[in-house]
$ cat final.csv   # CSV, C-alpha atoms
chain,number,residue,atom,x,y,z
A,99,MET,CA,-4.5,3.7,-43.9
A,100,ALA,CA,-3.7,4.0,-40.2
A,101,LEU,CA,-5.1,1.2,-38.0
A,102,ARG,CA,-7.1,3.7,-36.0
A,103,CYS,CA,-9.1,4.5,-39.1
A,104,TRP,CA,-10.3,0.9,-39.6
A,105,PRO,CA,-14.0,0.1,-38.9
A,106,SER,CA,-14.5,-0.7,-35.3
A,107,TYR,CA,-15.5,-4.3,-35.9
A,108,LEU,CA,-12.3,-5.0,-37.9
A,109,ARG,CA,-10.2,-3.3,-35.2
A,110,LEU,CA,-11.8,-5.6,-32.6
A,111,HIS,CA,-11.2,-8.7,-34.8
A,112,VAL,CA,-7.5,-7.9,-35.3
A,113,ALA,CA,-7.2,-6.9,-31.6
A,114,SER,CA,-8.5,-10.3,-30.6
A,115,VAL,CA,-5.7,-12.1,-32.4
A,116,ALA,CA,-3.1,-9.8,-30.9
A,117,ALA,CA,-4.6,-10.2,-27.4
A,118,LEU,CA,-4.6,-14.0,-27.7
A,119,ALA,CA,-0.8,-14.1,-27.4
A,120,LEU,CA,-0.7,-11.3,-24.9
A,121,PHE,CA,-2.9,-13.0,-22.4
A,122,PHE,CA,-1.2,-16.3,-22.6
A,123,ILE,CA,2.4,-15.2,-22.9
A,124,SER,CA,2.7,-12.1,-20.9
A,125,HIS,CA,-0.1,-12.5,-18.3
A,126,ALA,CA,-1.0,-8.8,-18.8
A,127,PHE,CA,2.6,-7.7,-18.9
A,128,ALA,CA,4.1,-5.7,-21.8
A,129,PHE,CA,7.5,-4.8,-23.4
A,130,SER,CA,7.2,-1.1,-22.6
A,131,ARG,CA,10.1,-1.2,-20.1
A,132,GLU,CA,12.0,-4.3,-21.2
A,133,ILE,CA,15.5,-4.8,-19.8
A,134,PRO,CA,17.6,-6.0,-22.8
A,135,GLY,CA,19.8,-9.1,-22.3
A,136,ARG,CA,18.4,-10.0,-18.9
A,137,ALA,CA,18.9,-13.6,-18.0
A,138,SER,CA,17.1,-15.9,-15.6
A,139,SER,CA,17.5,-15.4,-11.9
A,140,PRO,CA,20.6,-17.6,-11.3
A,141,GLN,CA,22.6,-15.2,-13.5
A,142,LEU,CA,20.9,-11.9,-12.7
A,143,THR,CA,23.0,-9.0,-11.6
A,144,ARG,CA,21.8,-5.7,-10.2
A,145,ARG,CA,21.8,-2.7,-12.7
A,146,ILE,CA,22.5,0.8,-11.6
A,147,ILE,CA,19.2,2.6,-12.1
A,148,PRO,CA,17.9,6.0,-11.0
A,149,VAL,CA,15.3,4.6,-8.7
A,150,ARG,CA,15.2,3.1,-5.3
A,151,VAL,CA,16.6,-0.5,-5.4
A,152,PRO,CA,16.2,-3.3,-2.9
A,153,ALA,CA,19.2,-3.6,-0.5
A,154,ARG,CA,19.2,-7.4,-1.1
A,155,PRO,CA,21.2,-8.6,-4.1
A,156,PHE,CA,19.8,-10.8,-6.8
A,157,PRO,CA,19.9,-14.5,-5.9
A,158,ALA,CA,23.0,-16.3,-7.1
A,159,ARG,CA,22.8,-20.1,-7.0
A,160,LEU,CA,23.7,-23.1,-9.1
A,161,PRO,CA,20.6,-24.3,-11.0
A,162,SER,CA,19.5,-27.9,-10.5
A,163,ASP,CA,19.3,-30.4,-13.4
A,164,GLU,CA,15.5,-30.1,-13.2
A,165,GLU,CA,15.6,-26.3,-13.3
A,166,ASP,CA,17.9,-26.4,-16.4
A,167,LYS,CA,15.0,-28.0,-18.3
A,168,LEU,CA,12.7,-25.1,-17.7
A,169,SER,CA,12.1,-22.4,-20.3
A,170,SER,CA,13.3,-19.0,-19.1
A,171,TYR,CA,13.8,-15.5,-20.3
A,172,GLY,CA,17.5,-16.0,-21.0
A,173,ASP,CA,17.0,-19.0,-23.3
A,174,SER,CA,18.3,-18.2,-26.8
A,175,SER,CA,15.6,-20.5,-28.3
A,176,GLY,CA,12.9,-18.1,-27.1
A,177,SER,CA,14.1,-15.1,-29.1
A,178,THR,CA,11.5,-15.6,-31.9
A,179,ALA,CA,8.7,-15.8,-29.3
A,180,ARG,CA,10.0,-12.6,-27.7
A,181,GLY,CA,9.9,-10.8,-31.0
A,182,ILE,CA,6.3,-11.9,-31.7
A,183,VAL,CA,5.2,-10.7,-28.3
A,184,SER,CA,6.8,-7.4,-28.8
A,185,SER,CA,5.1,-6.9,-32.2
A,186,LEU,CA,1.7,-8.0,-30.9
A,187,THR,CA,2.0,-5.7,-27.9
A,188,ALA,CA,2.5,-2.7,-30.3
A,189,ILE,CA,-0.5,-3.7,-32.4
A,190,TYR,CA,-2.7,-4.2,-29.4
A,191,THR,CA,-1.7,-0.9,-27.8
A,192,SER,CA,-2.5,1.0,-31.0
A,193,LEU,CA,-5.9,-0.7,-31.4
A,194,LEU,CA,-7.3,-0.5,-27.9
A,195,PRO,CA,-5.6,2.2,-25.9
A,196,ALA,CA,-6.7,2.6,-22.3
A,197,ALA,CA,-6.3,5.4,-19.8
A,198,PRO,CA,-4.6,3.8,-16.8
A,199,GLN,CA,-6.2,4.5,-13.4
A,200,SER,CA,-4.3,4.6,-10.2
A,201,ILE,CA,-4.8,1.6,-7.9
A,202,PRO,CA,-3.5,2.1,-4.3
A,203,ALA,CA,-1.4,-0.7,-3.0
A,204,GLY,CA,-2.3,-2.2,0.4
A,205,PRO,CA,0.1,-2.8,3.3
A,206,ALA,CA,3.0,-5.3,2.8
A,207,PRO,CA,2.6,-8.7,4.6
A,208,SER,CA,4.1,-8.7,8.0
A,209,THR,CA,5.7,-12.2,7.8
A,210,PRO,CA,6.9,-14.5,5.0
A,211,SER,CA,4.1,-16.8,5.8
A,212,ASP,CA,1.5,-14.0,5.3
A,213,LEU,CA,3.2,-13.3,2.0
A,214,MET,CA,2.9,-16.9,0.9
A,215,ARG,CA,-0.8,-16.9,1.8
A,216,SER,CA,-1.4,-13.8,-0.2
A,217,ILE,CA,0.3,-15.4,-3.2
A,218,LYS,CA,-1.8,-18.5,-2.8
A,219,ASP,CA,-5.0,-16.3,-2.9
A,220,ASP,CA,-3.7,-14.7,-6.1
A,221,TYR,CA,-4.0,-18.1,-7.8
A,222,VAL,CA,-7.0,-19.6,-6.0
A,223,LEU,CA,-9.2,-16.6,-5.5
A,224,ARG,CA,-8.1,-14.0,-8.0
A,225,ASN,CA,-7.1,-16.2,-11.1
A,226,TYR,CA,-4.2,-13.8,-11.6
A,227,LEU,CA,-2.5,-15.7,-14.4
A,228,TRP,CA,-5.4,-14.5,-16.6
A,229,THR,CA,-6.7,-11.4,-14.8
A,230,GLY,CA,-3.5,-9.9,-13.5
A,231,ASP,CA,-5.3,-9.3,-10.2
A,232,VAL,CA,-2.7,-9.5,-7.5
A,233,GLU,CA,-2.3,-8.0,-4.0
A,234,LEU,CA,-0.1,-5.0,-5.0
A,235,GLY,CA,1.2,-4.5,-1.5
A,236,CYS,CA,3.2,-7.7,-1.8
A,237,PHE,CA,5.3,-6.2,-4.7
A,238,ALA,CA,8.0,-3.6,-4.3
A,239,GLU,CA,7.5,-0.5,-6.5
A,240,ASN,CA,10.6,-1.4,-8.6
A,241,CYS,CA,10.0,-5.1,-8.7
A,242,ILE,CA,11.4,-6.9,-11.7
A,243,PHE,CA,9.1,-9.2,-13.6
A,244,THR,CA,10.5,-11.9,-15.9
A,245,ASP,CA,9.0,-14.9,-17.9
A,246,PRO,CA,10.3,-16.7,-20.9
A,247,THR,CA,9.2,-14.0,-23.3
A,248,LEU,CA,9.9,-10.7,-21.5
A,249,SER,CA,11.5,-8.8,-18.6
A,250,PHE,CA,10.5,-5.4,-17.3
A,251,GLU,CA,10.6,-3.3,-14.2
A,252,GLY,CA,8.0,-1.5,-12.1
A,253,ARG,CA,4.8,-2.3,-10.3
A,254,ASP,CA,3.1,0.7,-12.0
A,255,THR,CA,4.0,-0.7,-15.4
A,256,PHE,CA,2.3,-4.0,-14.4
A,257,VAL,CA,-0.8,-2.2,-13.2
A,258,SER,CA,-1.0,-0.1,-16.4
A,259,ASN,CA,-0.9,-3.0,-18.7
A,260,VAL,CA,-3.4,-5.1,-16.7
A,261,GLN,CA,-5.9,-2.3,-17.2
A,262,LYS,CA,-5.2,-2.1,-20.9
A,263,ILE,CA,-5.7,-5.8,-21.6
A,264,GLN,CA,-8.9,-6.4,-19.5
A,265,PRO,CA,-11.3,-5.5,-22.4
A,266,ALA,CA,-9.7,-8.2,-24.6
A,267,LEU,CA,-10.2,-10.9,-22.0
A,268,LYS,CA,-14.0,-10.2,-22.2
A,269,LEU,CA,-13.8,-10.1,-26.0
A,270,LEU,CA,-12.0,-13.5,-26.4
A,271,MET,CA,-13.8,-15.6,-23.8
A,272,ALA,CA,-17.5,-16.3,-23.6
A,273,ASP,CA,-17.4,-16.7,-19.8
A,274,THR,CA,-14.2,-15.7,-18.0
A,275,LYS,CA,-15.2,-17.7,-14.9
A,276,ARG,CA,-15.7,-20.8,-16.9
A,277,ASP,CA,-13.2,-20.5,-19.7
A,278,CYS,CA,-9.9,-19.9,-17.9
A,279,ASP,CA,-8.3,-20.9,-14.7
A,280,SER,CA,-5.1,-20.5,-12.7
A,281,ILE,CA,-4.6,-23.9,-11.1
A,282,LEU,CA,-2.2,-23.9,-8.2
A,283,LEU,CA,-0.4,-27.3,-8.1
A,284,ASP,CA,2.1,-26.6,-5.3
A,285,ILE,CA,3.3,-23.7,-3.2
A,286,SER,CA,6.2,-23.7,-0.7
A,287,LEU,CA,8.2,-21.2,1.4
A,288,ASN,CA,12.0,-21.1,1.5
A,289,ASP,CA,12.6,-18.7,4.3
A,290,LYS,CA,16.4,-19.4,4.4
A,291,GLU,CA,17.0,-18.2,0.8
A,292,GLY,CA,14.1,-15.8,0.8
A,293,TYR,CA,11.5,-16.9,-1.8
A,294,VAL,CA,8.1,-18.4,-2.3
A,295,GLU,CA,7.9,-21.0,-5.1
A,296,THR,CA,4.8,-22.0,-6.9
A,297,ARG,CA,4.0,-24.6,-9.5
A,298,TRP,CA,0.9,-23.9,-11.5
A,299,ASN,CA,-1.2,-24.9,-14.6
A,300,MET,CA,-2.6,-22.1,-16.8
A,301,VAL,CA,-5.6,-23.4,-18.7
A,302,GLY,CA,-8.2,-21.7,-20.8
A,303,THR,CA,-10.2,-21.7,-24.0
A,304,PHE,CA,-10.7,-18.7,-26.3
A,305,ALA,CA,-14.3,-19.6,-27.0
A,306,ASN,CA,-15.1,-16.5,-29.0
A,307,VAL,CA,-12.2,-17.1,-31.5
A,308,PRO,CA,-13.3,-19.1,-34.6
A,309,TRP,CA,-10.8,-21.9,-34.1
A,310,ARG,CA,-11.3,-22.0,-30.3
A,311,PRO,CA,-7.6,-22.5,-29.3
A,312,LYS,CA,-6.9,-24.1,-25.9
A,313,ILE,CA,-4.1,-23.0,-23.6
A,314,ASP,CA,-2.5,-25.5,-21.3
A,315,VAL,CA,0.9,-24.6,-19.8
A,316,ILE,CA,2.5,-25.7,-16.6
A,317,GLY,CA,5.1,-23.4,-15.1
A,318,ARG,CA,6.9,-22.4,-11.9
A,319,THR,CA,7.4,-19.1,-10.3
A,320,LYS,CA,9.8,-17.9,-7.7
A,321,PHE,CA,8.8,-14.8,-5.8
A,322,TRP,CA,12.0,-13.5,-4.3
A,323,TYR,CA,11.3,-11.2,-1.3
A,324,GLU,CA,13.0,-9.0,1.2
A,325,GLY,CA,11.9,-7.1,4.3
A,326,GLY,CA,11.6,-7.4,8.0
A,327,ASP,CA,13.6,-4.2,8.7
A,328,LYS,CA,12.5,-1.1,10.5
A,329,GLU,CA,10.1,-0.1,7.7
A,330,GLY,CA,8.2,-3.4,8.3
A,331,GLY,CA,6.6,-5.8,5.9
A,332,TYR,CA,7.9,-8.2,3.3
A,333,GLN,CA,7.8,-7.4,-0.4
A,334,ILE,CA,8.7,-9.2,-3.7
A,335,TYR,CA,11.6,-7.6,-5.5
A,336,LEU,CA,12.0,-10.3,-8.3
A,337,TYR,CA,9.2,-12.3,-10.0
A,338,ASP,CA,11.0,-15.1,-11.9
A,339,GLU,CA,8.7,-17.3,-14.0
A,340,LYS,CA,9.7,-20.3,-16.0
A,341,TRP,CA,7.7,-22.8,-18.1
A,342,GLU,CA,7.9,-26.5,-18.5
A,343,VAL,CA,7.6,-26.1,-22.2
A,344,GLY,CA,9.5,-24.0,-24.7
A,345,ALA,CA,8.2,-20.5,-25.5
A,346,ALA,CA,7.9,-21.4,-29.2
A,347,VAL,CA,6.0,-24.6,-28.5
A,348,ALA,CA,3.6,-22.7,-26.2
A,349,LEU,CA,2.9,-20.2,-29.0
A,350,LEU,CA,1.8,-23.0,-31.3
A,351,GLN,CA,-1.2,-23.5,-29.0
A,352,LEU,CA,-2.6,-20.2,-30.1
A,353,ILE,CA,-3.0,-21.4,-33.7
A,354,THR,CA,-4.0,-25.0,-33.0
A,355,PRO,CA,-7.7,-25.6,-33.4
A,356,GLY,CA,-9.5,-26.7,-30.2
A,357,SER,CA,-12.3,-29.2,-30.0

$ encode --input "final.csv" --output "structure tokens"
Amino acid sequence: MALRCWPSYLRLHVASVAALALFFISHAFAFSREIPGRASSPQLTRRIIPVRVPARPFPARLPSDEEDKLSSYGDSSGSTARGIVSSLTAIYTSLLPAAPQSIPAGPAPSTPSDLMRSIKDDYVLRNYLWTGDVELGCFAENCIFTDPTLSFEGRDTFVSNVQKIQPALKLLMADTKRDCDSILLDISLNDKEGYVETRWNMVGTFANVPWRPKIDVIGRTKFWYEGGDKEGGYQIYLYDEKWEVGAAVALLQLITPGS
């Protein structure tokens, strides 16, 4: 029998399991426009695509020993986790479809410092690692998003999947203000190379799930930006997220009973 024919309570129960991994792993992103074979930012190269692309090339730099220890999208060890996320995304989309609504993007920040302040607010004020609530004007329309489990392109894709996954957040957590947090550990601006870097701690408890799993992951994100030309404003063209734990290890938190 098709999933859509299941009783509503059963659909919600299965959806909660699928949404668990989606919230934690993808931060409201999905595989709908994955870029196969994309590596982490030091090895990224620009693809030829039929949309406007930023004039600035992808960053090319030698990774430090410390950065080598981080979990990124290009790691072969994360292939199983990527497959799990892809499957769960398909299940969740079929169970709880949502009609995306257009959300207008505000103006781009006028300076790199303004961009950094807006990124800080995404963590501190908007809890974006869980809610997906960001200042859209800071991101280019064809921004590329990567983390250890996925890589996709497009600000509209990001917005669409944020809208689809919000009902599950309310389903899984007893109190979204109390049960989850995006803790900003550090933020810095590298104006010479053109990125804002954050170090953060994503913590939360799925209190409405019987085994009450707890999520506790520390990661780092580089927001590569360009701008300052005649069009004005600075926007992020590459969101490059890495974790300080392997993707498979992080997944185990979802099935580990909490206290």

$ atom_distance --input "final.csv" --atom1 "CA of Val257 (chain A)" --atom2 "CA of Glu339 (chain A)"
17.9 Å

$ atom_distance --input "final.csv" --atom1 "CA of Trp228 (chain A)" --atom2 "CA of Pro210 (chain A)"
24.9 Å

$ residues_near_point --input "final.csv" --point "(-11.5, -20.6, -15.9)" --cutoff "9 Å" --atoms "all atoms listed in the file" --output "JSON, numbers by chain"
{"A": [225, 228, 273, 274, 275, 276, 277, 278, 279, 280, 301, 302, 303]}

$ closest_residue --input "final.csv" --among "A:Leu248, A:Ala345, A:Ile242, A:Ala305" --to "Leu270 (chain A)" --atoms "all atoms listed in the file"
A:Ala305

$ atom_distance --input "final.csv" --atom1 "CA of Asn306 (chain A)" --atom2 "CA of Met271 (chain A)"
5.4 Å

$ residues_around --input "final.csv" --residues "Pro355 (chain A)" --least-positions-apart "5" --cutoff "9 Å" --atoms "all atoms listed in the file" --output "VMD selection string"
chain A and resid 308 to 312

$ closest_residue --input "final.csv" --among "A:Leu352, A:Val343, A:Leu283, A:Ile201" --to "Gln261 (chain A)" --atoms "all atoms listed in the file"
A:Ile201

$ residues_near_point --input "final.csv" --point "(-3.2, -3.5, 3.0)" --cutoff "10 Å" --atoms "all atoms listed in the file" --output "list of chain:residue names"
A:Pro202, A:Ala203, A:Gly204, A:Pro205, A:Ala206, A:Pro207, A:Glu233, A:Leu234, A:Gly235, A:Cys236

$ closest_residue --input "final.csv" --among "A:Glu342, A:Asp254, A:Glu295, A:Glu239" --to "Ile316 (chain A)" --atoms "all atoms listed in the file"
A:Glu342

$ closest_residue --input "final.csv" --among "A:Val294, A:Leu227, A:Ala272, A:Leu282" --to "Tyr332 (chain A)" --atoms "all atoms listed in the file"
A:Val294

$ residues_around --input "final.csv" --residues "Tyr293 (chain A)" --least-positions-apart "2" --cutoff "8 Å" --atoms "all atoms listed in the file" --output "list in words"
Leu287, Asn288, Asp289, Glu291, Glu295, Lys320, Phe321, Trp322 and Tyr323 of chain A

$ residues_around --input "final.csv" --residues "Phe237 (chain A)" --least-positions-apart "3" --cutoff "7 Å" --atoms "all atoms listed in the file" --output "ChimeraX atom specification"
/A:234,241,253,333-335

$ closest_residue --input "final.csv" --among "A:Leu336, A:Val307, A:Val222, A:Ala346" --to "Lys268 (chain A)" --atoms "only C-alpha atoms"
A:Val307

$ closest_residue --input "final.csv" --among "A:Ala348, A:Arg215, A:Thr229, A:Ser208" --to "Pro265 (chain A)" --atoms "all atoms listed in the file"
A:Thr229
